[in-house]
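S.K.: Handing over work35.csv, CSV, C-alpha atoms.
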chain,number,residue,atom,x,y,z
N,1,MET,CA,-22.7,74.4,-35.1
N,2,LYS,CA,-20.1,77.2,-35.4
N,3,THR,CA,-19.4,77.0,-31.7
N,4,HIS,CA,-19.0,73.3,-31.8
N,5,LEU,CA,-16.6,73.6,-34.7
N,6,LEU,CA,-14.5,76.2,-32.9
N,7,LEU,CA,-14.3,74.1,-29.7
N,8,THR,CA,-13.2,71.1,-31.8
N,9,ILE,CA,-10.5,73.2,-33.4
N,10,LEU,CA,-9.3,74.5,-30.1
N,11,LEU,CA,-9.0,70.9,-28.9
N,12,LEU,CA,-7.1,70.1,-32.1
N,13,CYS,CA,-4.7,72.9,-31.4
N,14,GLN,CA,-3.7,71.1,-28.2
N,15,THR,CA,-3.3,67.7,-29.8
N,16,LEU,CA,-1.7,68.5,-33.2
N,17,GLY,CA,1.2,66.2,-33.8
N,18,THR,CA,0.1,63.7,-31.2
N,19,TYR,CA,-0.4,60.1,-32.2
N,20,LEU,CA,-2.0,57.2,-30.4
N,21,ALA,CA,1.2,55.2,-30.6
N,22,LEU,CA,4.2,56.3,-28.5
N,23,THR,CA,7.3,57.9,-30.0
N,24,CYS,CA,10.4,56.5,-28.3
N,25,LEU,CA,14.1,57.0,-28.5
N,26,LYS,CA,15.6,54.2,-30.7
N,27,CYS,CA,19.3,53.4,-30.4
N,28,THR,CA,21.8,50.7,-29.7
N,29,ASN,CA,25.2,51.0,-28.0
N,30,VAL,CA,24.9,54.5,-26.5
N,31,VAL,CA,26.8,55.5,-23.3
N,32,GLN,CA,23.7,57.1,-21.7
N,33,PRO,CA,20.1,57.0,-22.8
N,34,ARG,CA,19.9,60.7,-23.3
N,35,HIS,CA,22.7,60.5,-25.9
N,36,CYS,CA,20.3,58.8,-28.3
N,37,GLU,CA,19.4,61.1,-31.2
N,38,THR,CA,17.0,58.9,-33.2
N,39,VAL,CA,13.3,58.1,-32.6
N,40,MET,CA,10.7,55.7,-33.8
N,41,THR,CA,6.9,55.6,-33.7
N,42,CYS,CA,6.0,52.3,-32.0
N,43,PRO,CA,4.2,50.0,-34.5
N,44,GLN,CA,1.5,49.0,-32.0
N,45,ASN,CA,-0.7,51.2,-29.9
N,46,ASP,CA,-0.1,49.0,-26.8
N,47,ASP,CA,3.7,49.3,-27.2
N,48,VAL,CA,5.8,51.1,-24.5
N,49,CYS,CA,9.2,52.6,-24.5
N,50,TYR,CA,12.1,50.7,-23.0
N,51,LEU,CA,15.8,51.0,-22.2
N,52,ASP,CA,18.1,48.1,-21.5
N,53,ARG,CA,21.6,48.3,-20.0
N,54,GLY,CA,24.2,45.7,-20.8
N,55,THR,CA,27.9,45.3,-21.3
N,56,ASN,CA,29.7,45.2,-24.7
N,57,ALA,CA,32.6,42.9,-25.7
N,58,PHE,CA,35.1,45.4,-24.1
N,59,GLY,CA,33.4,45.2,-20.8
N,60,GLU,CA,31.9,48.7,-21.2
N,61,GLU,CA,28.4,49.7,-20.1
N,62,GLU,CA,26.0,50.6,-22.9
N,63,TYR,CA,22.3,51.1,-23.5
N,64,ALA,CA,19.8,49.9,-26.1
N,65,LEU,CA,16.5,51.8,-26.5
N,66,GLY,CA,13.3,51.4,-28.5
N,67,CYS,CA,9.7,50.1,-28.4
N,68,ILE,CA,8.5,46.9,-26.8
N,69,SER,CA,5.1,45.3,-26.2
N,70,GLN,CA,3.9,46.1,-22.7
N,71,HIS,CA,3.2,42.4,-22.2
N,72,SER,CA,6.9,41.6,-22.8
N,73,CYS,CA,8.2,44.3,-20.5
N,74,HIS,CA,9.8,43.3,-17.2
N,75,ASN,CA,11.3,46.1,-15.2
N,76,THR,CA,14.6,45.4,-13.5
N,77,THR,CA,15.5,48.4,-11.4
N,78,ILE,CA,18.8,47.4,-9.7
N,79,TYR,CA,21.0,50.5,-10.1
N,80,SER,CA,24.4,48.8,-9.6
N,81,ALA,CA,26.7,49.8,-12.4
N,82,THR,CA,27.7,46.2,-13.0
N,83,SER,CA,24.2,44.8,-13.1
N,84,ARG,CA,21.8,44.4,-16.0
N,85,CYS,CA,18.9,46.8,-15.9
N,86,SER,CA,15.7,47.0,-18.0
N,87,GLN,CA,12.9,49.6,-17.6
N,88,CYS,CA,9.8,50.5,-19.5
N,89,CYS,CA,7.6,53.6,-19.5
N,90,ASP,CA,4.5,54.9,-21.3
N,91,ARG,CA,5.1,58.5,-22.4
N,92,ASP,CA,6.7,59.9,-25.5
N,93,LEU,CA,10.6,60.0,-25.1
N,94,CYS,CA,10.3,58.7,-21.6
N,95,ASN,CA,13.2,56.3,-22.1
N,96,GLN,CA,15.7,59.2,-22.2
N,97,GLU,CA,16.4,58.4,-18.5
N,98,GLY,CA,16.3,55.4,-16.2
N,99,CYS,CA,18.4,52.7,-14.6
N,100,GLY,CA,20.0,55.4,-12.5
N,101,GLU,CA,20.9,57.6,-15.4
N,102,ILE,CA,19.8,61.2,-15.5
N,103,GLY,CA,17.7,62.4,-18.5
N,104,PHE,CA,17.6,65.5,-20.6
N,105,PRO,CA,18.7,68.8,-19.0
N,106,THR,CA,15.9,70.7,-17.2
N,107,ASN,CA,16.9,74.0,-18.7
N,108,ARG,CA,16.3,73.2,-22.4
N,109,GLY,CA,14.1,73.9,-25.3
N,110,PRO,CA,11.8,71.3,-26.9
N,111,VAL,CA,13.0,68.0,-28.5
N,112,CYS,CA,12.5,68.6,-32.2
N,113,TYR,CA,12.8,66.5,-35.4
N,114,ASN,CA,16.0,67.5,-37.2
N,115,CYS,CA,16.1,66.5,-40.9
N,116,HIS,CA,17.6,68.9,-43.4
N,117,SER,CA,16.9,66.7,-46.4
N,118,PRO,CA,13.3,66.9,-47.6
N,119,LEU,CA,11.5,63.7,-46.5
N,120,PRO,CA,7.8,62.6,-46.6
N,121,ASP,CA,5.7,62.5,-43.5
N,122,GLY,CA,7.0,59.9,-41.0
N,123,ARG,CA,10.4,59.4,-42.6
N,124,CYS,CA,12.4,61.7,-40.4
N,125,HIS,CA,13.8,59.9,-37.4
N,126,ASN,CA,16.6,62.2,-36.2
N,127,VAL,CA,16.0,64.6,-33.3
N,128,GLU,CA,17.9,67.3,-31.5
N,129,ILE,CA,17.4,69.1,-28.2
N,130,CYS,CA,16.9,72.8,-28.7
N,131,ARG,CA,18.6,75.4,-26.6
N,132,ALA,CA,16.5,77.6,-24.3
N,133,GLY,CA,14.9,80.3,-26.4
N,134,GLU,CA,14.6,78.0,-29.5
N,135,VAL,CA,11.5,76.3,-30.9
N,136,CYS,CA,10.8,73.6,-33.4
N,137,SER,CA,10.3,74.5,-37.1
N,138,VAL,CA,9.2,72.7,-40.1
N,139,THR,CA,9.0,73.7,-43.8
N,140,GLY,CA,6.9,71.8,-46.3
N,141,LYS,CA,6.5,71.8,-50.0
N,142,GLU,CA,5.2,69.6,-52.8
N,143,LYS,CA,8.0,67.9,-54.7
N,144,PHE,CA,7.0,65.7,-57.7
N,145,GLU,CA,3.5,65.2,-56.3
N,146,THR,CA,4.8,64.2,-52.9
N,147,GLN,CA,4.6,66.6,-49.9
N,148,VAL,CA,8.1,66.6,-48.2
N,149,PHE,CA,9.4,68.4,-45.1
N,150,THR,CA,12.6,69.7,-43.6
N,151,SER,CA,12.8,70.3,-39.8
N,152,GLN,CA,15.1,71.8,-37.2
N,153,CYS,CA,15.4,73.9,-34.1
N,154,LEU,CA,15.2,77.6,-34.7
N,155,PRO,CA,15.5,80.8,-32.6
N,156,SER,CA,12.0,81.9,-31.7
N,157,ASP,CA,12.7,85.4,-33.0
N,158,ASP,CA,13.1,83.8,-36.5
N,159,CYS,CA,9.5,82.6,-36.3
N,160,GLY,CA,7.9,86.0,-35.6
N,161,ALA,CA,6.2,86.6,-32.3
N,162,HIS,CA,6.6,83.6,-30.0
N,163,THR,CA,3.3,82.1,-29.1
N,164,VAL,CA,1.8,79.2,-27.3
N,165,GLY,CA,1.2,76.3,-29.6
N,166,LEU,CA,1.7,77.0,-33.3
N,167,ILE,CA,3.3,79.9,-35.0
N,168,ILE,CA,2.1,79.9,-38.6
N,169,GLY,CA,2.6,82.2,-41.5
N,170,LYS,CA,3.6,82.6,-45.1
N,171,ARG,CA,7.3,82.9,-45.5
N,172,SER,CA,7.4,86.5,-46.4
N,173,SER,CA,5.4,87.4,-43.2
N,174,VAL,CA,7.7,85.5,-41.0
N,175,THR,CA,11.1,86.8,-42.0
N,176,GLU,CA,12.5,88.4,-45.1
N,177,LYS,CA,15.2,85.8,-45.7
N,178,PHE,CA,12.5,83.3,-46.7
N,179,VAL,CA,11.3,83.7,-50.3
N,180,ARG,CA,7.6,83.3,-50.7
N,181,THR,CA,6.3,80.9,-53.3
N,182,PHE,CA,2.8,80.5,-54.5
N,183,ASP,CA,2.5,76.7,-54.3
N,184,PRO,CA,-0.6,76.0,-52.1
N,185,TYR,CA,1.2,73.1,-50.4
N,186,ASP,CA,4.0,75.2,-49.2
N,187,CYS,CA,4.1,76.0,-45.4
N,188,PHE,CA,6.3,77.2,-42.7
N,189,GLN,CA,5.4,76.6,-39.0
N,190,CYS,CA,7.0,76.8,-35.6
N,191,CYS,CA,5.8,75.2,-32.4
N,192,SER,CA,7.1,74.8,-28.8
N,193,SER,CA,6.4,71.3,-27.5
N,194,ASP,CA,8.4,68.1,-27.9
N,195,LEU,CA,8.2,66.4,-31.4
N,196,CYS,CA,5.6,68.9,-32.6
N,197,ASN,CA,7.4,69.5,-36.0
N,198,ARG,CA,6.9,66.2,-37.6
N,199,ASN,CA,5.0,67.8,-40.4
N,200,CYS,CA,3.0,70.9,-41.2
N,201,ASN,CA,-0.3,70.6,-39.4
N,202,ARG,CA,-3.8,70.7,-40.6
N,203,GLN,CA,-5.3,73.7,-42.4
N,204,GLU,CA,-7.4,74.4,-39.3
N,205,ALA,CA,-4.2,75.3,-37.4
N,206,HIS,CA,-4.5,78.9,-38.6
N,207,LEU,CA,-7.5,79.3,-36.3
N,208,CYS,CA,-5.5,78.5,-33.2
N,209,GLN,CA,-5.5,81.5,-31.0
N,210,ALA,CA,-2.0,83.1,-30.4
N,211,ILE,CA,-1.9,83.7,-26.7
N,212,SER,CA,0.8,84.3,-24.2
N,213,GLY,CA,1.1,85.4,-20.6
N,214,PRO,CA,2.8,85.0,-17.2
N,215,ASP,CA,0.8,82.1,-15.9
N,216,CYS,CA,-2.1,79.7,-16.7
N,217,SER,CA,-4.7,82.0,-15.1
N,218,ASP,CA,-3.8,84.7,-17.6
N,219,LEU,CA,-4.0,82.3,-20.5
N,220,GLN,CA,-7.5,81.3,-19.3
N,221,ARG,CA,-8.6,84.9,-19.1
N,222,GLN,CA,-7.6,85.3,-22.8
N,223,ASN,CA,-9.4,82.1,-23.9
N,224,ALA,CA,-11.9,80.4,-21.5
N,225,SER,CA,-12.2,77.4,-23.8
N,226,LEU,CA,-8.6,76.2,-23.4
N,227,SER,CA,-8.2,72.6,-22.2
N,228,SER,CA,-5.7,71.3,-19.7
N,229,GLY,CA,-2.2,70.7,-21.2
N,230,VAL,CA,1.3,72.1,-21.7
N,231,TYR,CA,1.6,75.8,-22.6
N,232,THR,CA,4.5,78.2,-22.8
N,233,ILE,CA,4.4,81.2,-20.5
N,234,THR,CA,6.8,84.2,-20.0
N,235,THR,CA,7.7,84.8,-16.3
N,236,PRO,CA,7.1,88.4,-15.2
N,237,LEU,CA,10.5,89.2,-13.6
N,238,THR,CA,13.1,87.4,-15.6
N,239,HIS,CA,11.0,87.1,-18.8
N,240,SER,CA,12.0,83.4,-19.0
N,241,LYS,CA,10.1,81.3,-21.6
N,242,LEU,CA,8.9,78.3,-19.7
N,243,GLN,CA,6.7,75.3,-20.4
N,244,VAL,CA,4.2,74.6,-17.7
N,245,TYR,CA,1.2,72.3,-17.3
N,246,CYS,CA,-2.1,74.2,-17.0
N,247,ASP,CA,-5.0,72.6,-15.2
N,248,MET,CA,-8.0,74.2,-16.8
N,249,GLU,CA,-10.7,72.1,-15.1
N,250,THR,CA,-10.1,71.8,-11.4
N,251,ASP,CA,-11.8,74.4,-9.2
N,252,GLY,CA,-12.5,76.8,-12.0
N,253,GLY,CA,-9.3,76.1,-13.9
N,254,GLY,CA,-6.4,78.5,-14.5
N,255,TRP,CA,-4.0,76.6,-12.2
N,256,THR,CA,-0.3,76.5,-12.9
N,257,VAL,CA,1.1,73.1,-11.8
N,258,PHE,CA,4.5,73.1,-10.1
N,259,GLN,CA,4.6,69.6,-8.7
N,260,LYS,CA,2.9,66.4,-10.0
N,261,ARG,CA,3.5,62.8,-9.0
N,262,PHE,CA,1.4,59.8,-10.0
N,263,ASN,CA,3.5,56.8,-10.9
N,264,GLY,CA,7.0,57.0,-9.4
N,265,SER,CA,8.8,57.4,-12.7
N,266,VAL,CA,10.8,60.4,-11.5
N,267,ASP,CA,13.1,60.3,-8.5
N,268,PHE,CA,12.3,63.2,-6.2
N,269,TYR,CA,15.2,62.7,-3.8
N,270,ARG,CA,17.2,65.5,-5.5
N,271,ASN,CA,19.7,68.2,-4.5
N,272,PHE,CA,18.9,71.8,-3.9
N,273,SER,CA,20.1,73.0,-7.4
N,274,GLU,CA,17.7,70.6,-9.1
N,275,TYR,CA,14.8,71.8,-6.9
N,276,GLU,CA,15.7,75.4,-7.6
N,277,ASN,CA,15.9,74.9,-11.4
N,278,GLY,CA,13.3,72.1,-11.8
N,279,PHE,CA,13.4,68.5,-13.1
N,280,GLY,CA,11.2,65.9,-14.7
N,281,PHE,CA,8.9,66.4,-17.7
N,282,VAL,CA,6.2,69.0,-17.6
N,283,ASP,CA,3.6,66.6,-19.1
N,284,GLY,CA,4.5,63.9,-16.6
N,285,GLU,CA,6.0,63.8,-13.1
N,286,HIS,CA,7.9,67.0,-12.4
N,287,TRP,CA,8.9,69.8,-10.1
N,288,LEU,CA,8.8,73.1,-11.9
N,289,GLY,CA,11.6,74.9,-10.1
N,290,LEU,CA,11.7,77.3,-7.1
N,291,LYS,CA,13.1,80.2,-9.0
N,292,TYR,CA,10.4,80.0,-11.6
N,293,LEU,CA,7.7,79.6,-8.9
N,294,ARG,CA,8.9,82.7,-7.1
N,295,ASP,CA,9.1,84.6,-10.4
N,296,MET,CA,5.4,83.8,-11.2
N,297,ALA,CA,4.2,84.5,-7.7
N,298,SER,CA,5.7,88.0,-7.7
N,299,LEU,CA,2.9,89.1,-10.0
N,300,GLY,CA,0.0,89.4,-7.5
N,301,SER,CA,-2.3,87.5,-5.1
N,302,TYR,CA,-2.1,83.7,-5.6
N,303,GLN,CA,-3.9,80.7,-4.1
N,304,LEU,CA,-2.0,77.5,-3.3
N,305,ARG,CA,-3.8,74.2,-3.9
N,306,LEU,CA,-2.7,70.7,-2.9
N,307,ASP,CA,-4.6,67.6,-4.3
N,308,ILE,CA,-3.9,64.1,-3.1
N,309,LEU,CA,-5.1,60.6,-4.0
N,310,ARG,CA,-4.8,58.1,-1.3
N,311,SER,CA,-4.1,54.4,-1.8
N,312,THR,CA,-7.8,53.7,-0.8
N,313,GLY,CA,-8.9,55.7,-3.9
N,314,SER,CA,-10.2,58.6,-1.8
N,315,LYS,CA,-9.3,62.1,-2.9
N,316,ALA,CA,-8.6,65.2,-0.8
N,317,PHE,CA,-7.6,68.8,-1.3
N,318,ASP,CA,-6.4,71.8,0.6
N,319,VAL,CA,-6.4,75.5,-0.6
N,320,TYR,CA,-4.7,78.5,1.0
N,321,ASP,CA,-4.6,82.2,0.0
N,322,ASN,CA,-1.8,84.7,-0.2
N,323,PHE,CA,0.9,82.3,-1.5
N,324,SER,CA,4.3,83.8,-2.2
N,325,LEU,CA,8.0,82.9,-1.9
N,326,GLY,CA,10.9,84.8,-0.5
N,327,PRO,CA,14.2,85.1,-2.5
N,328,GLY,CA,16.7,82.3,-2.9
N,329,PRO,CA,18.5,80.5,-1.5
N,330,ASN,CA,16.0,80.0,1.3
N,331,TYR,CA,12.8,80.6,-0.7
N,332,LEU,CA,10.7,81.1,2.4
N,333,LEU,CA,7.1,80.0,1.9
N,334,TYR,CA,4.3,82.4,2.9
N,335,ILE,CA,0.6,81.4,2.9
N,336,GLY,CA,-2.4,82.9,4.4
N,337,SER,CA,-5.8,81.6,5.5
N,338,ARG,CA,-7.1,78.2,4.8
N,339,LEU,CA,-9.9,78.8,2.2
N,340,ARG,CA,-11.4,75.4,1.6
N,341,PHE,CA,-10.6,71.8,2.1
N,342,SER,CA,-11.9,68.2,1.9
N,343,GLY,CA,-10.7,65.0,3.4
N,344,CYS,CA,-7.4,66.1,5.0
N,345,GLN,CA,-6.1,67.7,8.1
N,346,SER,CA,-4.8,71.3,8.3
N,347,ILE,CA,-1.1,70.2,7.8
N,348,LEU,CA,-0.1,72.4,4.9
N,349,GLY,CA,-0.2,75.5,7.1
N,350,SER,CA,2.7,74.2,9.1
N,351,ALA,CA,5.0,75.1,6.2
N,352,ASP,CA,4.2,78.8,6.5
N,353,GLY,CA,7.3,80.8,7.1
N,354,GLN,CA,9.7,77.9,6.5
N,355,SER,CA,12.7,77.7,4.3
N,356,PHE,CA,13.0,75.1,1.6
N,357,SER,CA,15.3,72.2,2.6
N,358,THR,CA,17.0,69.4,0.7
N,359,TYR,CA,19.5,66.8,1.8
N,360,ASP,CA,22.3,69.2,0.9
N,361,HIS,CA,20.5,72.4,2.0
N,362,ASP,CA,19.3,72.0,5.5
N,363,TYR,CA,17.2,74.9,6.8
N,364,ASP,CA,14.4,73.2,8.7
N,365,ARG,CA,13.7,73.8,12.4
N,366,TRP,CA,14.5,70.3,13.6
N,367,ASN,CA,17.9,69.5,15.2
N,368,ASP,CA,18.4,66.9,12.5
N,369,ASN,CA,18.0,67.1,8.7
N,370,CYS,CA,14.4,66.5,7.8
N,371,ALA,CA,15.1,65.9,4.1
N,372,VAL,CA,17.6,63.2,4.9
N,373,ARG,CA,15.5,61.7,7.7
N,374,PHE,CA,12.4,61.4,5.6
N,375,HIS,CA,14.0,61.1,2.1
N,376,GLY,CA,12.4,64.1,0.6
N,377,ALA,CA,12.6,67.9,0.1
N,378,TRP,CA,10.1,70.5,1.4
N,379,TRP,CA,9.5,73.6,3.4
N,380,TYR,CA,9.9,71.5,6.5
N,381,ASN,CA,9.0,72.8,10.0
N,382,MET,CA,9.3,69.8,12.4
N,383,CYS,CA,9.2,67.3,9.6
N,384,PHE,CA,6.5,64.9,10.4
N,385,HIS,CA,3.4,64.1,8.4
N,386,LEU,CA,4.1,66.5,5.5
N,387,ASN,CA,6.4,64.9,2.9
N,388,PRO,CA,4.9,65.3,-0.6
N,389,ASN,CA,8.3,64.9,-2.2
N,390,GLY,CA,9.2,61.7,-0.4
N,391,LEU,CA,9.6,58.2,-1.7
N,392,TYR,CA,6.9,56.9,-4.0
N,393,THR,CA,5.6,53.9,-2.0
N,394,PRO,CA,1.8,54.0,-2.5
N,395,GLY,CA,-0.2,52.2,0.2
N,396,LYS,CA,2.8,51.4,2.4
N,397,PHE,CA,3.4,52.6,5.9
N,398,ASP,CA,6.9,54.1,5.4
N,399,LEU,CA,8.6,57.1,7.1
N,400,TYR,CA,10.2,57.9,3.8
N,401,ALA,CA,6.9,57.9,1.9
N,402,MET,CA,5.3,60.6,-0.2
N,403,ALA,CA,2.7,61.4,2.5
N,404,TYR,CA,0.3,63.9,3.9
N,405,ASP,CA,-1.2,63.9,7.4
N,406,ASP,CA,0.0,60.3,8.1
N,407,SER,CA,2.8,58.0,7.0
N,408,VAL,CA,1.0,55.9,4.4
N,409,GLY,CA,2.3,56.4,0.9
N,410,LEU,CA,0.0,58.3,-1.4
N,411,ASN,CA,-0.9,57.3,-5.0
N,412,ALA,CA,-0.7,60.8,-6.4
N,413,THR,CA,-0.1,64.5,-5.5
N,414,THR,CA,-0.5,67.7,-7.4
N,415,LEU,CA,0.6,71.2,-6.2
N,416,MET,CA,-0.4,74.3,-8.1
N,417,ILE,CA,-1.0,78.0,-7.9
N,418,LYS,CA,-3.6,80.4,-9.3
N,419,ARG,CA,-3.6,84.2,-9.5
N,420,ILE,CA,-6.9,85.7,-8.3
Please render this file's structure as structure tokens.

M.R.:
Amino acid sequence: MKTHLLLTILLLCQTLGTYLALTCLKCTNVVQPRHCETVMTCPQNDDVCYLDRGTNAFGEEEYALGCISQHSCHNTTIYSATSRCSQCCDRDLCNQEGCGEIGFPTNRGPVCYNCHSPLPDGRCHNVEICRAGEVCSVTGKEKFETQVFTSQCLPSDDCGAHTVGLIIGKRSSVTEKFVRTFDPYDCFQCCSSDLCNRNCNRQEAHLCQAISGPDCSDLQRQNASLSSGVYTITTPLTHSKLQVYCDMETDGGGWTVFQKRFNGSVDFYRNFSEYENGFGFVDGEHWLGLKYLRDMASLGSYQLRLDILRSTGSKAFDVYDNFSLGPGPNYLLYIGSRLRFSGCQSILGSADGQSFSTYDHDYDRWNDNCAVRFHGAWWYNMCFHLNPNGLYTPGKFDLYAMAYDDSVGLNATTLMIKRI
């Protein structure tokens, strides 16, 4: 019974602050979607986020954002600046980009609720993007028999030791500038994921284990019961605080995901700077960043794993040992022996010893630019049949396609590493 309760609490620690309904940016008349600084929780569980581009009375381009029933959503993905464009998506805050507009910066802290006036749960709709090194904070107290909250971004040092998930304590134990009161409803908490500071979380939160480490395998060693999800790590060389997605189920768990694609919501035809620094959302489609990947892999012996889902529904994987990256700007890829595989040819090994190439950073061994020719970015050798960052065209025969060992577009890919 006690074990079952603990596992339940650990799962709760990963999902605190998460609601069945989506939370979407809600604005009208903004110049870019990412300029919106208010949010709403969608009224229906089947609602999705949307953005709509139009033209105002002055002939200027502007955006409207909010929630819409998924049955009423009709994507229009023409990116001409003079055309109307509508797009929908199904993740929290996902309407911060689209219709050709870039989203939130990649080198950022979490998106946090930002209300300095005490408000009851659910009444704060303002948000801000924290700087790198900041986390979300929330302070709660009882006021005339109503529990109210204030929220903001805060330097992680002001929360005490920076931990994955929740950082919780009485005010006097967090920092001396807070005056401790003895009201049992008072609380002060910090957390490091988007929108996690809506309110002070459940009393069980104090049981969440404070863990940190340089990668997902280290987190798993500290707590074997952790489930897959977003965690914060500290890279071993530069000591960067970095949110990563940890796969704690596949092949024994402990995998740090550095590329994930499954629905085409993020454009992967990007320049070298974006591939070096990362882009997308860590809980959705994303590329973690070459500089962070090299930083992590400097720590020891890593395995590299690629998982693919074909348009036929069949799955395949390929695993190699001795993964590492050379220094930038080339970020030469080194891998060792093929350890295990299923359902795919030995194509990944062709990337061994190659430099990373993008359309503006051509270091492949072909006399043409592989990234331009195949609309992608990769450690290209002679280009063909290895293009996991290509165009998302599942099931189609397309030389531009996100593909592996043929030219038929895949439904999904995941690339990840694990320290052994």

S.K.: May I have the protein, DNA and RNA residues with any atom at most 9 Å from the point (-7.4, 73.7, -19.2), counting all atoms listed in the file, written as a list of chain:residue names?

M.R.: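 Residues lying no farther than 9 Å from the given point: N:Cys216, N:Gln220, N:Ala224, N:Ser225, N:Leu226, N:Ser227, N:Ser228, N:Gly229, N:Tyr245, N:Cys246, N:Asp247, N:Met248, N:Glu249, N:Thr250, N:Gly253, N:Gly254, N:Trp255.
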
S.K.: Can you tell me which residues surround Ser137 of chain N at a distance of at most 8 Å, considering only C-alpha atoms, apart from same-chain residues fewer than 2 positions away, and format the answer as a VMD selection string?

M.R.: chain N and resid 112 135 139 151 to 154 188 to 191 197

S.K.: When you look at segment 273-275 of chain N with a cut-off of 10 Å (counting all atoms listed in the file), what residues show up, excluding the ones that are within fewer than 5 positions of it in the same chain? I need them as an MDAnalysis selection string.

M.R.: chainID N and resid 106 268 280 287:291 329 356:358 360:361 377:378

S.K.: How far is it from atom CA of Asn367 of chain N to atom CA of Gly390 of chain N, in Å with one decimal?

M.R.: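 One can read the atom CA of Asn367 of chain N to atom CA of Gly390 of chain N distance as 19.5 Å.
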
S.K.: May I ask which of the residues N:Cys130, N:Ala297, N:Leu339, N:Val282 is the closest one to Ser217 of chain N, counting all atoms listed in the file?

M.R.: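 So, comparing all the options, the nearest one is N:Ala297.
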
S.K.: Which one of N:Ser117, N:Thr414, N:Tyr231, N:Tyr392 sits closest to Gln259 of chain N if you count all atoms listed in the file?

M.R.: N:Thr414

S.K.: What does the distance between atom CA of Ala403 of chain N and atom CA of Cys94 of chain N come to in Å, to one decimal place?

M.R.: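 These atoms are spaced 25.4 Å apart.
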
S.K.: Work out how far apart atom CA of Arg84 of chain N and atom CA of Ala64 of chain N are and give it in Å to one decimal.

M.R.: 11.7 Å

S.K.: What's around Ser407 of chain N at 12 Å? Count all atoms listed in the file, leave out sequence neighbours fewer than 3 positions away in its own chain, and write the answer as an mmCIF file with C-alpha atoms, keeping the file's coordinate frame.

M.R.:
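Now in result-v3.cif:
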data_model
loop_
_atom_site.group_PDB
_atom_site.id
_atom_site.type_symbol
_atom_site.label_atom_id
_atom_site.label_comp_id
_atom_site.auth_asym_id
_atom_site.auth_seq_id
_atom_site.Cartn_x
_atom_site.Cartn_y
_atom_site.Cartn_z
ATOM 1 C CA ARG N 310 -4.800 58.100 -1.300
ATOM 2 C CA SER N 311 -4.100 54.400 -1.800
ATOM 3 C CA PHE N 374 12.400 61.400 5.600
ATOM 4 C CA CYS N 383 9.200 67.300 9.600
ATOM 5 C CA PHE N 384 6.500 64.900 10.400
ATOM 6 C CA HIS N 385 3.400 64.100 8.400
ATOM 7 C CA LEU N 386 4.100 66.500 5.500
ATOM 8 C CA ASN N 387 6.400 64.900 2.900
ATOM 9 C CA PRO N 388 4.900 65.300 -0.600
ATOM 10 C CA GLY N 390 9.200 61.700 -0.400
ATOM 11 C CA LEU N 391 9.600 58.200 -1.700
ATOM 12 C CA TYR N 392 6.900 56.900 -4.000
ATOM 13 C CA THR N 393 5.600 53.900 -2.000
ATOM 14 C CA PRO N 394 1.800 54.000 -2.500
ATOM 15 C CA GLY N 395 -0.200 52.200 0.200
ATOM 16 C CA LYS N 396 2.800 51.400 2.400
ATOM 17 C CA PHE N 397 3.400 52.600 5.900
ATOM 18 C CA ASP N 398 6.900 54.100 5.400
ATOM 19 C CA LEU N 399 8.600 57.100 7.100
ATOM 20 C CA TYR N 400 10.200 57.900 3.800
ATOM 21 C CA ALA N 401 6.900 57.900 1.900
ATOM 22 C CA MET N 402 5.300 60.600 -0.200
ATOM 23 C CA ALA N 403 2.700 61.400 2.500
ATOM 24 C CA TYR N 404 0.300 63.900 3.900
ATOM 25 C CA LEU N 410 0.000 58.300 -1.400
#

S.K.: Every residue with an atom at most 7 Å from (7.3, 57.3, -38.8) (file coordinates; all atoms listed in the file) is what I'm after, so could you write them as number ranges by chain?

M.R.: N: 40-41, 122-124

S.K.: Of the candidates N:Lys260, N:Arg365, N:His286, N:Arg108, which one gets nearest to Asp194 of chain N if we count all atoms listed in the file?

M.R.: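 Looking only at the distances to Asp194 of chain N, the closest residue turns out to be N:Arg108.
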